[in-house]
Amino acid sequence: MSALADAEWLNPLIGLLQGVQLSLLRLLAWLGLVGSSHGQPAWPWALRLSGENLLIDLGQARRLALTLVVLALVALLLLAALAWRRRRWLLLATVPLLLVLAPWPQPEIVLVPAYPTSFHRSPTGFSAASIAQGHALYAKHCVGCHGVDGRGQGPLAASQPVWPPNLAGPLLWRRADGDLLWRMLHGTKDRHGTSTMPAFDRLADSEAWALIDFTKAQSAGQSLRATGVWSQPIGLPDVVVRCEGREPRPLSAWRGQRLRIVAAGSATAPLEDPRMVTMQLQASAVAALPRVAGCVIDSPAAWEAFALIAGTDRLAGTQLLADRDGWLRARSAPGAAGWSEDDLLCRTATGPGSTQDDPAPADGLSALIARMDAEPVRFLKGGFVH
Ligand code: HEC
């Protein structure tokens with residue numbers, strides 16, 4: 001992990017690879033040169049550039065970065081050759097030399113198999129409704145092999161050609177969402193072409209996306225139960241929020257502000273706090289609960305989604321904090337006296353910890369917020385997890 005922490009340049013590099021390929025795909029789609037697959041433009045090649053292996057092999061990542069610098073230089077030389085007639089041949093002669101000298105990375109490290117859906121984005125917005133839909137589908141189609149908790153211990157697991165993977169681990173965060181979609185709908189094969197997971201081709205695309213949402217929410221809760229932290233960053237599920245005297249709005253409309261979600265039922269309900277927006281979560285609209293906040297989230301699907309992510313059957317009284325980017329960061333158990341830095345459950349492994357130079361903030365919540373703001377989530381698909 002520490003080697004990765006030194007490689008701050010790696011995240012932008014992986015982001016660049018991803019961004020360039022996505023832009024190319026959009027351009028091709030705009031020009032009408034690619035077809036569509038499962039509702040979005042289809043990636044036309046069987047390979048794509050990927051950051052997955054670069055995280056493991058820093059040497060290759062460095063080579064790739066240097067090669068990209070050389071390629072940029074080549075592009076500049078070609079432009080200069082166009083403009084500068086007298087030195088044209090000299091400039092052009094250096095191009096092949098540079099291309100030969102560039103430290104090209106090994107193709108099998110930077111190129112991975114791709115599917116038509118590899119660059120697809122989930123259209124669900126990680127909504128509570130989608131998570132609930134995914135939950136029902138999972139119970140129907142997937143528990144047999146993957147198990148109720150997603151750890152791959154279902155009753156049919158042992159009779160499979162390979163053991164079903166643990167969906168409660170980092171797998172869902174490492175894979176491109178579009179790759180997960182493809183594998184669910186079209187099944188998986190091992191290196192010899194033998195089928196390993198059956199295809200669920202009767203599922204609608206929206207159902208497959210819902211399954212991805214559910215498995216991620218479940219995995220977050222399982223991680224919290226098993227390790228006490230969200231090992232992979234998890235976003236706020238999107239739900240409908242009703243604020244006094246206003247039209248209902250999606251929770252995502254509050255992006256940019258810190259949020260506190262208070263699951264109703266706590267005896268010591270907190271009051272509104274100027275450091276963040278407080279919202280009351282309740283399982284139904286009718287419950288006659290004391291109001292702690294001007295804004296209320298009151299659908300059964302929302303309650304279920306937050307309970308899943310918080311990894312608890314007894315959500316009442318739990319409080320959750322989300323940062324300005326919409327990532328869930330901290331939880332306080334029902335009846336907890338107050339907040340402290342230890343409640344930060346989604347944090348960088350290499351974060352500053354308690355060795356802070358700044359004078360200690362007056363109270364636990366301020367300390368927690370300070371640390372949350374100082375250590376933003378750096379998650380990038382196919383790149384860093386935190
Ligand atoms: C008949 C058993 C079985 C059923 C039913 C099943 N799976 Fe799987 N699943 C597997 C096996 C085996 C693998 C491992 C495949 C491999 O690594 O080649 C797997 C792999 C996966 C993966 C990881 C894919 C990857 O990128 O490595 C996901 C995600 C997944 N399953 C989701 C689901 C979902 C969602 C359902 C329900 C719609 C489901 N599975 C139903 C057996 C099953």
# chains A, B, ... in the order shown; residues from 1 in each chain; ligands from 1

$ closest_atom_pairs --of "chain A" --to "ligand 1" --cutoff "6 Å" --atoms "only C-alpha atoms and all ligand atoms" --output "tab-separated table"
residue	atom	partner	partner_atom_place_in_ligand_line	distance
A:Tyr138	CA	ligand 1	37 (C)	5.4
A:His141	CA	ligand 1	37 (C)	4.6
A:Cys142	CA	ligand 1	37 (C)	3.5
A:Gly144	CA	ligand 1	5 (C)	5.7
A:Cys145	CA	ligand 1	2 (C)	4.4
A:Gln160	CA	ligand 1	12 (C)	5.5
A:Val162	CA	ligand 1	12 (C)	5.0
A:Trp163	CA	ligand 1	12 (C)	5.2
A:Pro164	CA	ligand 1	11 (C)	3.8
A:Pro165	CA	ligand 1	14 (C)	5.6
A:Leu180	CA	ligand 1	26 (O)	5.2
A:Arg183	CA	ligand 1	24 (C)	5.9
A:Met184	CA	ligand 1	32 (C)	5.8
A:Thr188	CA	ligand 1	18 (O)	5.2
A:Lys189	CA	ligand 1	18 (O)	5.3
A:Asp190	CA	ligand 1	18 (O)	5.1
A:Thr196	CA	ligand 1	18 (O)	4.8
A:Met197	CA	ligand 1	10 (C)	4.2
A:Pro198	CA	ligand 1	1 (C)	6.0
A:Leu211	CA	ligand 1	35 (C)	5.4

$ write_last_selection --atoms "N, CA and C atoms" --output "CSV table (one decimal), in the first residue's frame"
chain,number,residue,atom,x,y,z
A,138,TYR,N,-32.0,-11.0,-6.7
A,138,TYR,CA,-30.9,-11.8,-6.1
A,138,TYR,C,-31.4,-13.0,-5.4
A,141,HIS,N,-32.6,-15.6,-8.1
A,141,HIS,CA,-31.7,-16.2,-9.1
A,141,HIS,C,-30.3,-16.5,-8.6
A,142,CYS,N,-29.9,-15.8,-7.6
A,142,CYS,CA,-28.4,-15.9,-7.3
A,142,CYS,C,-28.0,-16.6,-6.0
A,144,GLY,N,-28.6,-19.3,-4.6
A,144,GLY,CA,-28.3,-20.7,-4.7
A,144,GLY,C,-26.7,-20.9,-4.8
A,145,CYS,N,-26.1,-20.1,-5.5
A,145,CYS,CA,-24.6,-20.3,-5.7
A,145,CYS,C,-23.9,-19.2,-4.8
A,160,GLN,N,-20.3,-26.4,-8.4
A,160,GLN,CA,-20.0,-25.6,-9.6
A,160,GLN,C,-18.6,-26.0,-10.1
A,162,VAL,N,-16.2,-24.0,-10.9
A,162,VAL,CA,-15.3,-23.2,-10.0
A,162,VAL,C,-16.1,-22.7,-8.9
A,163,TRP,N,-15.5,-22.4,-7.8
A,163,TRP,CA,-16.2,-21.8,-6.7
A,163,TRP,C,-16.7,-20.4,-7.0
A,164,PRO,N,-18.0,-20.1,-6.7
A,164,PRO,CA,-18.4,-18.7,-7.0
A,164,PRO,C,-17.6,-17.7,-6.1
A,165,PRO,N,-17.2,-16.6,-6.7
A,165,PRO,CA,-16.4,-15.7,-5.9
A,165,PRO,C,-17.1,-15.0,-4.8
A,180,LEU,N,-19.2,-6.3,-15.5
A,180,LEU,CA,-20.1,-7.1,-14.6
A,180,LEU,C,-21.5,-7.4,-15.3
A,183,ARG,N,-21.1,-10.1,-17.9
A,183,ARG,CA,-20.9,-11.4,-17.4
A,183,ARG,C,-22.2,-12.0,-16.8
A,184,MET,N,-23.0,-11.1,-16.2
A,184,MET,CA,-24.3,-11.6,-15.6
A,184,MET,C,-25.2,-12.0,-16.8
A,188,THR,N,-20.2,-16.6,-17.8
A,188,THR,CA,-18.7,-16.5,-17.8
A,188,THR,C,-18.1,-17.9,-18.3
A,189,LYS,N,-16.9,-17.8,-18.8
A,189,LYS,CA,-16.2,-19.0,-19.2
A,189,LYS,C,-14.8,-19.0,-18.6
A,190,ASP,N,-14.3,-20.1,-18.4
A,190,ASP,CA,-12.9,-20.1,-17.9
A,190,ASP,C,-11.9,-20.1,-19.1
A,196,THR,N,-18.7,-21.3,-16.7
A,196,THR,CA,-18.5,-21.3,-15.2
A,196,THR,C,-19.7,-20.8,-14.5
A,197,MET,N,-20.2,-19.6,-15.0
A,197,MET,CA,-21.5,-19.1,-14.4
A,197,MET,C,-22.5,-19.1,-15.6
A,198,PRO,N,-23.7,-19.6,-15.3
A,198,PRO,CA,-24.7,-19.6,-16.4
A,198,PRO,C,-25.1,-18.1,-16.8
A,211,LEU,N,-29.3,-5.6,-10.1
A,211,LEU,CA,-28.5,-6.6,-9.3
A,211,LEU,C,-27.1,-6.1,-9.0

$ select_by_dssp --residues "range 114-307 of chain A" --states "strand (DSSP E or B)" --output "ChimeraX atom specification"
/A:127,188-189,195-197,235,238,240-243,249-250,259-263,273,276-281,295-297

$ residues_around --residues "Ala316 in chain A" --least-positions-apart "2" --cutoff "10 Å" --atoms "only C-alpha atoms" --output "ChimeraX atom specification"
/A:262-267,281-283,303,307,312-314,318-319,333-335

$ atom_distance --atom1 "CA of Leu181 in chain A" --atom2 "CA of Gly134 in chain A"
12.8 Å

$ atom_distance --atom1 "CA of Ala336 in chain A" --atom2 "CA of Gly311 in chain A"
16.8 Å

$ closest_atom_pairs --of "range 297-323 of chain A" --to "range 212-216 of chain A" --cutoff "10 Å" --atoms "only C-alpha atoms" --output "JSON lines"
{"residue": "A:Ala305", "atom": "CA", "partner": "A:Phe214", "partner_atom": "CA", "distance": 8.4}
{"residue": "A:Leu308", "atom": "CA", "partner": "A:Phe214", "partner_atom": "CA", "distance": 8.8}
{"residue": "A:Ile309", "atom": "CA", "partner": "A:Lys216", "partner_atom": "CA", "distance": 8.5}

$ residues_around --residues "Leu251 in chain A" --least-positions-apart "3" --cutoff "7 Å" --atoms "only C-alpha atoms" --output "VMD selection string"
chain A and resid 238 to 241 254

$ residues_around --residues "range 18-33 of chain A" --least-positions-apart "4" --cutoff "12 Å" --atoms "only C-alpha atoms" --output "PyMOL selection string"
chain A and resi 11-14+37+40-45+47-52+110+114+116-121+176+380-383

$ select_by_dssp --residues "range 80-230 of chain A" --states "alpha helix (DSSP H)" --output "PyMOL selection string"
chain A and resi 80-83+88-101+107-110+128-141+143-146+171-174+177-186+205-227

$ residues_around --residues "range 65-80 of chain A" --least-positions-apart "2" --cutoff "6 Å" --atoms "only C-alpha atoms" --output "VMD selection string"
chain A and resid 62 to 63 82 to 84 95 102 to 104

$ write_last_selection --atoms "all heavy atoms" --output "mmCIF file, in the first residue's frame"
data_model
loop_
_atom_site.group_PDB
_atom_site.id
_atom_site.type_symbol
_atom_site.label_atom_id
_atom_site.label_comp_id
_atom_site.auth_asym_id
_atom_site.auth_seq_id
_atom_site.Cartn_x
_atom_site.Cartn_y
_atom_site.Cartn_z
ATOM 1 N N ARG A 62 5.069 2.933 -14.959
ATOM 2 C CA ARG A 62 6.058 3.968 -15.266
ATOM 3 C C ARG A 62 6.408 3.955 -16.745
ATOM 4 O O ARG A 62 6.508 4.998 -17.387
ATOM 5 C CB ARG A 62 7.323 3.720 -14.438
ATOM 6 C CG ARG A 62 7.407 4.694 -13.308
ATOM 7 C CD ARG A 62 8.666 4.553 -12.505
ATOM 8 N NE ARG A 62 8.252 4.588 -11.123
ATOM 9 C CZ ARG A 62 8.315 3.575 -10.291
ATOM 10 N NH1 ARG A 62 8.824 2.436 -10.689
ATOM 11 N NH2 ARG A 62 7.897 3.703 -9.067
ATOM 12 N N ARG A 63 6.581 2.745 -17.274
ATOM 13 C CA ARG A 63 6.890 2.633 -18.702
ATOM 14 C C ARG A 63 5.776 3.242 -19.547
ATOM 15 O O ARG A 63 6.044 3.962 -20.504
ATOM 16 C CB ARG A 63 7.037 1.148 -19.090
ATOM 17 C CG ARG A 63 8.356 0.568 -18.639
ATOM 18 C CD ARG A 63 8.412 -0.928 -18.851
ATOM 19 N NE ARG A 63 9.807 -1.328 -18.879
ATOM 20 C CZ ARG A 63 10.491 -1.557 -19.997
ATOM 21 N NH1 ARG A 63 9.898 -1.489 -21.169
ATOM 22 N NH2 ARG A 63 11.762 -1.861 -19.955
ATOM 23 N N LEU A 82 5.623 20.124 -39.890
ATOM 24 C CA LEU A 82 4.687 20.733 -40.826
ATOM 25 C C LEU A 82 4.996 22.213 -41.004
ATOM 26 O O LEU A 82 4.929 22.760 -42.106
ATOM 27 C CB LEU A 82 3.264 20.587 -40.300
ATOM 28 C CG LEU A 82 2.532 19.289 -40.625
ATOM 29 C CD1 LEU A 82 1.146 19.310 -40.002
ATOM 30 C CD2 LEU A 82 2.428 19.113 -42.134
ATOM 31 N N ALA A 83 5.327 22.834 -39.867
ATOM 32 C CA ALA A 83 5.475 24.289 -39.885
ATOM 33 C C ALA A 83 6.875 24.738 -40.319
ATOM 34 O O ALA A 83 7.032 25.784 -40.944
ATOM 35 C CB ALA A 83 5.156 24.846 -38.496
ATOM 36 N N TRP A 84 7.861 23.950 -39.998
ATOM 37 C CA TRP A 84 9.251 24.396 -40.127
ATOM 38 C C TRP A 84 9.928 23.646 -41.264
ATOM 39 O O TRP A 84 10.545 22.614 -41.075
ATOM 40 C CB TRP A 84 9.964 24.128 -38.787
ATOM 41 C CG TRP A 84 11.243 24.870 -38.611
ATOM 42 C CD1 TRP A 84 11.758 25.852 -39.402
ATOM 43 C CD2 TRP A 84 12.183 24.655 -37.566
ATOM 44 N NE1 TRP A 84 12.948 26.287 -38.920
ATOM 45 C CE2 TRP A 84 13.240 25.572 -37.782
ATOM 46 C CE3 TRP A 84 12.246 23.815 -36.457
ATOM 47 C CZ2 TRP A 84 14.334 25.643 -36.935
ATOM 48 C CZ3 TRP A 84 13.325 23.880 -35.619
ATOM 49 C CH2 TRP A 84 14.356 24.789 -35.846
ATOM 50 N N VAL A 95 11.642 10.958 -35.290
ATOM 51 C CA VAL A 95 10.408 10.288 -34.866
ATOM 52 C C VAL A 95 10.584 8.775 -34.696
ATOM 53 O O VAL A 95 10.308 8.237 -33.628
ATOM 54 C CB VAL A 95 9.240 10.644 -35.824
ATOM 55 C CG1 VAL A 95 8.053 9.709 -35.608
ATOM 56 C CG2 VAL A 95 8.815 12.089 -35.605
ATOM 57 N N ALA A 102 11.305 4.542 -26.971
ATOM 58 C CA ALA A 102 10.254 4.639 -25.941
ATOM 59 C C ALA A 102 10.164 3.325 -25.167
ATOM 60 O O ALA A 102 10.253 2.253 -25.758
ATOM 61 C CB ALA A 102 8.914 4.947 -26.594
ATOM 62 N N PRO A 103 10.023 3.405 -23.850
ATOM 63 C CA PRO A 103 9.982 2.176 -23.033
ATOM 64 C C PRO A 103 8.597 1.538 -23.048
ATOM 65 O O PRO A 103 7.900 1.523 -22.041
ATOM 66 C CB PRO A 103 10.338 2.700 -21.634
ATOM 67 C CG PRO A 103 9.814 4.099 -21.625
ATOM 68 C CD PRO A 103 9.896 4.612 -23.033
ATOM 69 N N TRP A 104 8.194 1.045 -24.200
ATOM 70 C CA TRP A 104 6.832 0.495 -24.324
ATOM 71 C C TRP A 104 6.547 -0.527 -23.223
ATOM 72 O O TRP A 104 7.365 -1.393 -22.956
ATOM 73 C CB TRP A 104 6.657 -0.189 -25.680
ATOM 74 C CG TRP A 104 6.765 0.759 -26.829
ATOM 75 C CD1 TRP A 104 7.902 1.080 -27.518
ATOM 76 C CD2 TRP A 104 5.722 1.541 -27.388
ATOM 77 N NE1 TRP A 104 7.635 2.010 -28.486
ATOM 78 C CE2 TRP A 104 6.296 2.316 -28.434
ATOM 79 C CE3 TRP A 104 4.364 1.667 -27.137
ATOM 80 C CZ2 TRP A 104 5.561 3.193 -29.207
ATOM 81 C CZ3 TRP A 104 3.622 2.540 -27.909
ATOM 82 C CH2 TRP A 104 4.217 3.293 -28.925
#

$ atom_distance --atom1 "CA of Leu167 in chain A" --atom2 "CA of Ala226 in chain A"
13.4 Å
